[in-house]
file entry_17.txt (compact mmCIF, N, CA and C atoms)
# COMPACT_ATOMS: atom_id res chain seq x y z
N SER A 1 -24.91 4.81 39.21
CA SER A 1 -26.30 5.24 39.31
C SER A 1 -26.42 6.68 38.86
N SER A 2 -27.62 7.08 38.46
CA SER A 2 -27.82 8.44 37.96
C SER A 2 -27.63 9.47 39.06
N GLY A 3 -27.94 9.11 40.32
CA GLY A 3 -27.74 10.02 41.44
C GLY A 3 -26.27 10.37 41.63
N ILE A 4 -25.40 9.35 41.52
CA ILE A 4 -23.96 9.58 41.67
C ILE A 4 -23.45 10.42 40.50
N ASN A 5 -23.89 10.12 39.28
CA ASN A 5 -23.47 10.91 38.13
C ASN A 5 -23.90 12.36 38.27
N ALA A 6 -25.11 12.58 38.78
CA ALA A 6 -25.60 13.94 38.99
C ALA A 6 -24.74 14.64 40.04
N GLU A 7 -24.38 13.94 41.11
CA GLU A 7 -23.54 14.53 42.15
C GLU A 7 -22.19 14.93 41.56
N TYR A 8 -21.59 14.05 40.76
CA TYR A 8 -20.32 14.38 40.12
C TYR A 8 -20.46 15.62 39.23
N GLY A 9 -21.55 15.67 38.47
CA GLY A 9 -21.79 16.82 37.61
C GLY A 9 -21.90 18.11 38.40
N ILE A 10 -22.57 18.06 39.53
CA ILE A 10 -22.70 19.25 40.38
C ILE A 10 -21.34 19.66 40.92
N LEU A 11 -20.57 18.70 41.40
CA LEU A 11 -19.24 19.00 41.92
C LEU A 11 -18.34 19.59 40.84
N MET A 12 -18.38 19.00 39.66
CA MET A 12 -17.54 19.47 38.57
C MET A 12 -17.93 20.89 38.15
N HIS A 13 -19.21 21.16 38.09
CA HIS A 13 -19.69 22.47 37.64
C HIS A 13 -19.46 23.57 38.68
N TYR A 14 -19.87 23.33 39.93
CA TYR A 14 -19.86 24.40 40.93
C TYR A 14 -18.54 24.53 41.68
N ARG A 15 -17.70 23.51 41.61
CA ARG A 15 -16.37 23.62 42.24
C ARG A 15 -15.26 23.64 41.20
N ASN A 16 -15.65 23.59 39.93
CA ASN A 16 -14.68 23.62 38.84
C ASN A 16 -13.66 22.48 38.98
N LEU A 17 -14.17 21.27 39.24
CA LEU A 17 -13.32 20.10 39.39
C LEU A 17 -13.41 19.22 38.15
N THR A 18 -12.39 18.43 37.93
CA THR A 18 -12.47 17.39 36.91
C THR A 18 -12.90 16.11 37.62
N GLU A 19 -13.35 15.13 36.87
CA GLU A 19 -13.79 13.87 37.48
C GLU A 19 -12.66 13.22 38.26
N SER A 20 -11.42 13.34 37.78
CA SER A 20 -10.29 12.72 38.47
C SER A 20 -9.97 13.42 39.80
N GLN A 21 -10.42 14.65 39.98
CA GLN A 21 -10.18 15.37 41.23
C GLN A 21 -11.21 15.04 42.31
N ILE A 22 -12.28 14.37 41.93
CA ILE A 22 -13.33 14.03 42.89
C ILE A 22 -12.92 12.77 43.63
N VAL A 23 -12.92 12.84 44.95
CA VAL A 23 -12.53 11.70 45.77
C VAL A 23 -13.76 11.03 46.35
N ASP A 24 -13.62 9.75 46.70
CA ASP A 24 -14.73 9.00 47.30
C ASP A 24 -15.27 9.73 48.52
N GLY A 25 -16.57 9.76 48.63
CA GLY A 25 -17.21 10.40 49.77
C GLY A 25 -17.48 11.88 49.58
N MET A 26 -16.96 12.46 48.50
CA MET A 26 -17.19 13.88 48.24
C MET A 26 -18.60 14.06 47.69
N SER A 27 -19.35 14.97 48.28
CA SER A 27 -20.73 15.22 47.86
C SER A 27 -20.97 16.71 47.75
N PRO A 28 -21.95 17.09 46.94
CA PRO A 28 -22.31 18.51 46.87
C PRO A 28 -22.89 18.99 48.20
N THR A 29 -22.71 20.25 48.48
CA THR A 29 -23.37 20.84 49.63
C THR A 29 -24.84 21.06 49.28
N PHE A 30 -25.66 21.34 50.27
CA PHE A 30 -27.06 21.62 50.01
C PHE A 30 -27.18 22.88 49.14
N GLN A 31 -26.34 23.89 49.40
CA GLN A 31 -26.38 25.11 48.59
C GLN A 31 -26.04 24.81 47.13
N GLU A 32 -25.06 23.94 46.88
CA GLU A 32 -24.72 23.57 45.51
C GLU A 32 -25.87 22.82 44.85
N TYR A 33 -26.50 21.93 45.59
CA TYR A 33 -27.66 21.21 45.07
C TYR A 33 -28.76 22.19 44.70
N VAL A 34 -29.06 23.14 45.58
CA VAL A 34 -30.11 24.12 45.31
C VAL A 34 -29.77 24.95 44.08
N ARG A 35 -28.53 25.41 43.97
CA ARG A 35 -28.11 26.17 42.78
C ARG A 35 -28.31 25.35 41.52
N HIS A 36 -27.98 24.06 41.59
CA HIS A 36 -28.14 23.16 40.45
C HIS A 36 -29.61 23.04 40.06
N VAL A 37 -30.47 22.81 41.05
CA VAL A 37 -31.91 22.68 40.79
C VAL A 37 -32.44 23.97 40.17
N ILE A 38 -32.06 25.11 40.72
CA ILE A 38 -32.53 26.40 40.20
C ILE A 38 -31.99 26.65 38.80
N ASP A 39 -30.70 26.40 38.59
CA ASP A 39 -30.11 26.61 37.27
C ASP A 39 -30.77 25.74 36.20
N LYS A 40 -31.15 24.53 36.58
CA LYS A 40 -31.80 23.60 35.64
C LYS A 40 -33.32 23.80 35.61
N ASN A 41 -33.83 24.71 36.44
CA ASN A 41 -35.26 25.00 36.54
C ASN A 41 -36.08 23.72 36.75
N GLY A 42 -35.53 22.82 37.57
CA GLY A 42 -36.25 21.60 37.88
C GLY A 42 -36.15 20.51 36.83
N ARG A 43 -35.50 20.77 35.71
CA ARG A 43 -35.33 19.75 34.66
C ARG A 43 -34.11 18.90 35.01
N LEU A 44 -34.34 17.86 35.80
CA LEU A 44 -33.27 17.08 36.37
C LEU A 44 -33.53 15.60 36.15
N ASP A 45 -32.50 14.78 36.44
CA ASP A 45 -32.74 13.34 36.36
C ASP A 45 -33.70 12.94 37.48
N SER A 46 -34.24 11.76 37.42
CA SER A 46 -35.30 11.34 38.33
C SER A 46 -34.88 11.35 39.80
N HIS A 47 -33.59 11.28 40.06
CA HIS A 47 -33.11 11.30 41.45
C HIS A 47 -33.38 12.64 42.11
N PHE A 48 -33.25 13.72 41.35
CA PHE A 48 -33.38 15.06 41.91
C PHE A 48 -34.66 15.77 41.48
N ALA A 49 -35.32 15.29 40.48
CA ALA A 49 -36.46 16.00 39.88
C ALA A 49 -37.68 16.03 40.80
N PRO A 50 -38.56 17.01 40.59
CA PRO A 50 -39.84 16.99 41.31
C PRO A 50 -40.52 15.65 41.07
N GLN A 51 -41.06 15.07 42.13
CA GLN A 51 -41.62 13.73 42.04
C GLN A 51 -42.90 13.66 41.23
N TYR A 52 -43.61 14.77 41.09
CA TYR A 52 -44.83 14.73 40.28
C TYR A 52 -44.51 14.36 38.83
N ASN A 53 -43.27 14.57 38.42
CA ASN A 53 -42.86 14.19 37.06
C ASN A 53 -42.94 12.68 36.84
N THR A 54 -42.86 11.91 37.92
CA THR A 54 -42.89 10.45 37.78
C THR A 54 -44.31 9.90 37.84
N LEU A 55 -45.27 10.74 38.20
CA LEU A 55 -46.66 10.30 38.24
C LEU A 55 -47.28 10.36 36.86
N CYS A 56 -48.31 9.61 36.65
CA CYS A 56 -48.97 9.54 35.34
C CYS A 56 -50.19 10.44 35.26
N THR A 57 -50.20 11.52 36.03
CA THR A 57 -51.33 12.44 35.98
C THR A 57 -51.31 13.16 34.64
N PRO A 58 -52.41 13.47 34.06
CA PRO A 58 -53.78 13.26 34.50
C PRO A 58 -54.36 11.93 34.02
N ASN A 59 -53.56 11.06 33.43
CA ASN A 59 -54.06 9.79 32.88
C ASN A 59 -54.44 8.77 33.95
N VAL A 60 -53.85 8.88 35.12
CA VAL A 60 -54.13 7.95 36.21
C VAL A 60 -54.71 8.74 37.37
N LYS A 61 -55.78 8.22 37.95
CA LYS A 61 -56.37 8.87 39.11
C LYS A 61 -55.81 8.20 40.35
N TYR A 62 -55.16 8.99 41.21
CA TYR A 62 -54.60 8.47 42.45
C TYR A 62 -55.59 8.70 43.58
N ASP A 63 -55.85 7.68 44.36
CA ASP A 63 -56.70 7.84 45.53
C ASP A 63 -55.91 8.34 46.72
N TYR A 64 -54.64 7.94 46.80
CA TYR A 64 -53.80 8.31 47.94
C TYR A 64 -52.39 8.62 47.46
N ILE A 65 -51.83 9.68 47.99
CA ILE A 65 -50.42 10.00 47.85
C ILE A 65 -49.93 10.24 49.27
N LEU A 66 -49.02 9.40 49.74
CA LEU A 66 -48.60 9.44 51.13
C LEU A 66 -47.25 10.13 51.29
N PRO A 67 -47.20 11.20 52.08
CA PRO A 67 -45.90 11.81 52.40
C PRO A 67 -45.07 10.82 53.21
N LEU A 68 -43.79 10.69 52.92
CA LEU A 68 -42.95 9.70 53.62
C LEU A 68 -42.95 9.89 55.12
N GLU A 69 -43.02 11.14 55.57
CA GLU A 69 -42.98 11.39 57.01
C GLU A 69 -44.15 10.76 57.75
N TYR A 70 -45.25 10.51 57.03
CA TYR A 70 -46.43 9.92 57.64
C TYR A 70 -46.78 8.57 57.03
N SER A 71 -45.88 8.00 56.25
CA SER A 71 -46.21 6.78 55.52
C SER A 71 -46.60 5.63 56.44
N ASN A 72 -45.91 5.49 57.55
CA ASN A 72 -46.23 4.38 58.45
C ASN A 72 -47.64 4.52 59.02
N ILE A 73 -47.98 5.70 59.48
CA ILE A 73 -49.31 5.95 60.05
C ILE A 73 -50.38 5.89 58.96
N MET A 74 -50.15 6.61 57.87
CA MET A 74 -51.17 6.72 56.83
C MET A 74 -51.38 5.43 56.06
N SER A 75 -50.31 4.63 55.90
CA SER A 75 -50.49 3.38 55.16
C SER A 75 -51.45 2.45 55.90
N LYS A 76 -51.42 2.48 57.23
CA LYS A 76 -52.36 1.67 58.01
C LYS A 76 -53.80 2.14 57.77
N GLU A 77 -53.97 3.46 57.70
CA GLU A 77 -55.30 4.01 57.44
C GLU A 77 -55.80 3.60 56.05
N VAL A 78 -54.91 3.63 55.07
CA VAL A 78 -55.29 3.23 53.71
C VAL A 78 -55.70 1.77 53.69
N TRP A 79 -54.89 0.91 54.31
CA TRP A 79 -55.23 -0.52 54.35
C TRP A 79 -56.58 -0.74 55.03
N ASN A 80 -56.85 0.01 56.10
CA ASN A 80 -58.14 -0.12 56.78
C ASN A 80 -59.28 0.31 55.86
N LEU A 81 -59.08 1.38 55.10
CA LEU A 81 -60.11 1.88 54.19
C LEU A 81 -60.45 0.87 53.09
N ILE A 82 -59.44 0.10 52.68
CA ILE A 82 -59.71 -0.90 51.64
C ILE A 82 -59.91 -2.29 52.25
N ASP A 83 -60.10 -2.31 53.58
CA ASP A 83 -60.48 -3.50 54.31
C ASP A 83 -59.43 -4.61 54.30
N ILE A 84 -58.18 -4.21 54.47
CA ILE A 84 -57.09 -5.16 54.64
C ILE A 84 -56.41 -4.78 55.95
N ALA A 85 -56.34 -5.70 56.88
CA ALA A 85 -55.81 -5.38 58.21
C ALA A 85 -54.39 -5.88 58.40
N ASN A 86 -53.70 -5.27 59.34
CA ASN A 86 -52.38 -5.69 59.80
C ASN A 86 -51.31 -5.76 58.71
N VAL A 87 -51.33 -4.84 57.80
CA VAL A 87 -50.31 -4.77 56.75
C VAL A 87 -49.75 -3.36 56.74
N THR A 88 -48.45 -3.24 56.60
CA THR A 88 -47.84 -1.92 56.48
C THR A 88 -47.49 -1.71 55.02
N LEU A 89 -48.09 -0.71 54.43
CA LEU A 89 -47.85 -0.41 53.01
C LEU A 89 -46.44 0.12 52.80
N LEU A 90 -46.07 1.11 53.59
CA LEU A 90 -44.75 1.72 53.49
C LEU A 90 -44.17 1.88 54.89
N PRO A 91 -43.05 1.25 55.17
CA PRO A 91 -42.45 1.47 56.49
C PRO A 91 -41.84 2.87 56.54
N SER A 92 -41.80 3.45 57.72
CA SER A 92 -41.19 4.76 57.88
C SER A 92 -39.69 4.63 57.71
N TYR A 93 -39.08 5.57 57.03
CA TYR A 93 -37.63 5.54 56.85
C TYR A 93 -36.92 6.13 58.07
N ASP A 94 -37.66 6.73 58.97
CA ASP A 94 -37.10 7.31 60.18
C ASP A 94 -37.93 6.80 61.35
N LYS A 95 -37.29 6.30 62.36
CA LYS A 95 -37.99 5.62 63.44
C LYS A 95 -38.70 6.55 64.42
N SER A 96 -38.46 7.86 64.36
CA SER A 96 -39.16 8.77 65.27
C SER A 96 -40.65 8.80 64.92
N THR A 97 -41.49 8.67 65.94
CA THR A 97 -42.93 8.71 65.69
C THR A 97 -43.43 10.13 65.51
N ASP A 98 -42.67 11.11 65.96
CA ASP A 98 -43.04 12.52 65.77
C ASP A 98 -42.28 13.04 64.56
N PRO A 99 -42.97 13.27 63.44
CA PRO A 99 -42.27 13.71 62.22
C PRO A 99 -41.43 14.98 62.40
N ARG A 100 -41.80 15.83 63.36
CA ARG A 100 -41.01 17.04 63.59
C ARG A 100 -39.62 16.71 64.13
N LYS A 101 -39.46 15.51 64.67
CA LYS A 101 -38.18 15.10 65.24
C LYS A 101 -37.42 14.14 64.33
N GLN A 102 -37.96 13.85 63.15
CA GLN A 102 -37.26 12.97 62.22
C GLN A 102 -36.02 13.68 61.71
N SER A 103 -34.98 12.91 61.47
CA SER A 103 -33.71 13.49 61.06
C SER A 103 -33.83 14.31 59.78
N SER A 104 -34.68 13.88 58.84
CA SER A 104 -34.83 14.63 57.60
C SER A 104 -35.45 16.00 57.84
N ALA A 105 -36.40 16.10 58.75
CA ALA A 105 -37.03 17.39 59.06
C ALA A 105 -36.04 18.32 59.74
N ILE A 106 -35.27 17.78 60.65
CA ILE A 106 -34.27 18.59 61.36
C ILE A 106 -33.21 19.11 60.38
N LYS A 107 -32.73 18.23 59.51
CA LYS A 107 -31.73 18.65 58.52
C LYS A 107 -32.31 19.67 57.55
N ALA A 108 -33.54 19.46 57.10
CA ALA A 108 -34.16 20.40 56.15
C ALA A 108 -34.26 21.79 56.76
N ARG A 109 -34.69 21.88 57.99
CA ARG A 109 -34.79 23.19 58.65
C ARG A 109 -33.43 23.86 58.73
N LYS A 110 -32.41 23.11 59.13
CA LYS A 110 -31.05 23.66 59.26
C LYS A 110 -30.54 24.15 57.91
N TRP A 111 -30.67 23.33 56.89
CA TRP A 111 -30.15 23.69 55.58
C TRP A 111 -30.89 24.87 54.97
N LEU A 112 -32.21 24.92 55.15
CA LEU A 112 -32.99 26.02 54.60
C LEU A 112 -32.65 27.35 55.27
N GLU A 113 -32.26 27.31 56.54
CA GLU A 113 -31.86 28.53 57.24
C GLU A 113 -30.61 29.15 56.60
N GLU A 114 -29.84 28.34 55.89
CA GLU A 114 -28.60 28.82 55.28
C GLU A 114 -28.83 29.44 53.89
N LEU A 115 -30.05 29.33 53.36
CA LEU A 115 -30.34 29.84 52.02
C LEU A 115 -30.90 31.25 52.07
N ASP A 116 -30.66 32.00 51.00
CA ASP A 116 -31.24 33.33 50.90
C ASP A 116 -32.71 33.20 50.48
N PRO A 117 -33.54 34.20 50.84
CA PRO A 117 -34.97 34.13 50.54
C PRO A 117 -35.29 33.93 49.05
N ARG A 118 -34.51 34.51 48.16
CA ARG A 118 -34.76 34.36 46.73
C ARG A 118 -34.59 32.91 46.27
N SER A 119 -33.55 32.25 46.77
CA SER A 119 -33.34 30.84 46.43
C SER A 119 -34.47 29.97 46.97
N ILE A 120 -34.91 30.27 48.18
CA ILE A 120 -36.02 29.51 48.78
C ILE A 120 -37.28 29.67 47.94
N GLU A 121 -37.55 30.89 47.50
CA GLU A 121 -38.73 31.14 46.67
C GLU A 121 -38.66 30.38 45.34
N LYS A 122 -37.48 30.41 44.70
CA LYS A 122 -37.32 29.69 43.43
C LYS A 122 -37.44 28.19 43.63
N LEU A 123 -36.86 27.68 44.69
CA LEU A 123 -36.92 26.25 44.98
C LEU A 123 -38.36 25.82 45.22
N TYR A 124 -39.10 26.62 45.96
CA TYR A 124 -40.50 26.30 46.21
C TYR A 124 -41.29 26.27 44.90
N GLU A 125 -41.06 27.23 44.03
CA GLU A 125 -41.79 27.26 42.76
C GLU A 125 -41.53 26.00 41.93
N ILE A 126 -40.29 25.52 41.96
CA ILE A 126 -39.94 24.32 41.19
C ILE A 126 -40.65 23.08 41.76
N PHE A 127 -40.75 22.99 43.07
CA PHE A 127 -41.35 21.81 43.72
C PHE A 127 -42.78 22.06 44.19
N LYS A 128 -43.40 23.13 43.74
CA LYS A 128 -44.72 23.52 44.21
C LYS A 128 -45.77 22.41 44.03
N VAL A 129 -45.77 21.75 42.89
CA VAL A 129 -46.75 20.69 42.65
C VAL A 129 -46.55 19.55 43.64
N ASP A 130 -45.30 19.19 43.93
CA ASP A 130 -45.04 18.16 44.93
C ASP A 130 -45.61 18.58 46.29
N PHE A 131 -45.42 19.83 46.65
CA PHE A 131 -45.93 20.34 47.92
C PHE A 131 -47.44 20.22 47.96
N LEU A 132 -48.09 20.56 46.88
CA LEU A 132 -49.55 20.50 46.83
C LEU A 132 -50.04 19.05 46.88
N LEU A 133 -49.41 18.15 46.12
CA LEU A 133 -49.83 16.75 46.10
C LEU A 133 -49.68 16.07 47.46
N ALA A 134 -48.61 16.39 48.17
CA ALA A 134 -48.36 15.75 49.46
C ALA A 134 -48.90 16.58 50.62
N ASN A 135 -49.52 17.69 50.30
CA ASN A 135 -50.08 18.59 51.31
C ASN A 135 -49.01 19.12 52.26
N TYR A 136 -47.80 19.36 51.73
CA TYR A 136 -46.73 19.93 52.53
C TYR A 136 -46.99 21.42 52.75
N SER A 137 -46.50 21.92 53.87
CA SER A 137 -46.56 23.35 54.13
C SER A 137 -45.50 24.03 53.27
N ASN A 138 -45.66 25.32 53.07
CA ASN A 138 -44.68 26.12 52.34
C ASN A 138 -43.42 26.26 53.20
N PHE A 139 -42.31 26.63 52.57
CA PHE A 139 -41.05 26.82 53.30
C PHE A 139 -41.19 27.84 54.42
N THR A 140 -42.09 28.81 54.26
CA THR A 140 -42.22 29.87 55.25
C THR A 140 -43.13 29.47 56.41
N ASP A 141 -43.82 28.36 56.31
CA ASP A 141 -44.71 27.90 57.37
C ASP A 141 -43.88 27.43 58.56
N PRO A 142 -44.31 27.76 59.78
CA PRO A 142 -43.54 27.33 60.96
C PRO A 142 -43.40 25.81 61.08
N ASP A 143 -44.33 25.06 60.47
CA ASP A 143 -44.26 23.60 60.54
C ASP A 143 -43.47 22.97 59.40
N PHE A 144 -42.96 23.80 58.47
CA PHE A 144 -42.19 23.24 57.38
C PHE A 144 -41.05 22.43 57.94
N PRO A 145 -40.70 21.32 57.37
CA PRO A 145 -41.07 20.76 56.08
C PRO A 145 -42.11 19.65 56.19
N LEU A 146 -42.97 19.75 57.12
CA LEU A 146 -43.90 18.65 57.36
C LEU A 146 -45.20 18.79 56.58
N PRO A 147 -45.78 17.65 56.22
CA PRO A 147 -47.10 17.71 55.62
C PRO A 147 -48.10 18.23 56.64
N ILE A 148 -49.12 18.86 56.14
CA ILE A 148 -50.21 19.31 57.00
C ILE A 148 -51.14 18.12 57.12
N PHE A 149 -51.11 17.48 58.26
CA PHE A 149 -51.84 16.23 58.46
C PHE A 149 -52.46 16.25 59.84
N SER A 150 -53.72 15.89 59.91
CA SER A 150 -54.36 15.86 61.23
C SER A 150 -55.02 14.52 61.47
call {"tool": "encode", "arguments": {"input": "entry_17.txt", "output": "structure tokens"}}
result
Amino acid sequence: SSGINAEYGILMHYRNLTESQIVDGMSPTFQEYVRHVIDKNGRLDSHFAPQYNTLCTPNVKYDYILPLEYSNIMSKEVWNLIDIANVTLLPSYDKSTDPRKQSSAIKARKWLEELDPRSIEKLYEIFKVDFLLANYSNFTDPDFPLPIFS
């Protein structure tokens, strides 16, 4: 898969490894991933790239873009708005009903605390359109990495 190839590329570049030196289960650290994203200025394969790159804007008008952290709740609202009941559009990938307690939010906060402010600023600039589309707070917001949803 392209995600695995990208991981190998990151390991080879930032740890100066050859492909034969990479063992099963070896993955880039979050800092290595961030360095890779910044060095490539967001020009990455679809696994790592800003998600707005996969949208067909401005040719397609989207009525709804659902942040994954709220997909279970918001998908029900979307189905109600289009008058279809009892269907889940997107199941939540994390079973916690409070997005602040989802494992991805907890990990994101921990990993971001390990980054220097300059890297955080560059990373935000690369993914800024994604943040705007999903109504995510900025990295500096106390509620980061959650969407601003009420």
call {"tool": "residues_around", "arguments": {"input": "entry_17.txt", "residues": "region 112-120 of chain A", "least_positions_apart": "5", "cutoff": "12 Å", "atoms": "only C-alpha atoms", "output": "ChimeraX atom specification"}}
result
/A:29-39,41,104-107,125-128,138-140,144-145
call {"tool": "atom_distance", "arguments": {"input": "entry_17.txt", "atom1": "CA of Val129 (chain A)", "atom2": "CA of Glu77 (chain A)"}}
result
23.9 Å
call {"tool": "atom_distance", "arguments": {"input": "entry_17.txt", "atom1": "CA of Tyr52 (chain A)", "atom2": "atom N of Leu123 (chain A)"}}
result
15.8 Å
call {"tool": "atom_distance", "arguments": {"input": "entry_17.txt", "atom1": "CA of Ala134 (chain A)", "atom2": "atom C of Pro67 (chain A)"}}
result
7.0 Å
call {"tool": "residues_around", "arguments": {"input": "entry_17.txt", "residues": "Asp130 (chain A)", "least_positions_apart": "6", "cutoff": "7 Å", "atoms": "only N, CA and C atoms", "output": "PyMOL selection string"}}
result
chain A and resi 50-52+136
call {"tool": "axis_aligned_box", "arguments": {"input": "entry_17.txt", "around": "region 109-120 of chain A", "padding_each_side": "6 Å", "output": "AutoDock Vina command-line options"}}
result
--center_x -32.9 --center_y 28.2 --center_z 52.8 --size_x 20.7 --size_y 24.6 --size_z 25.0
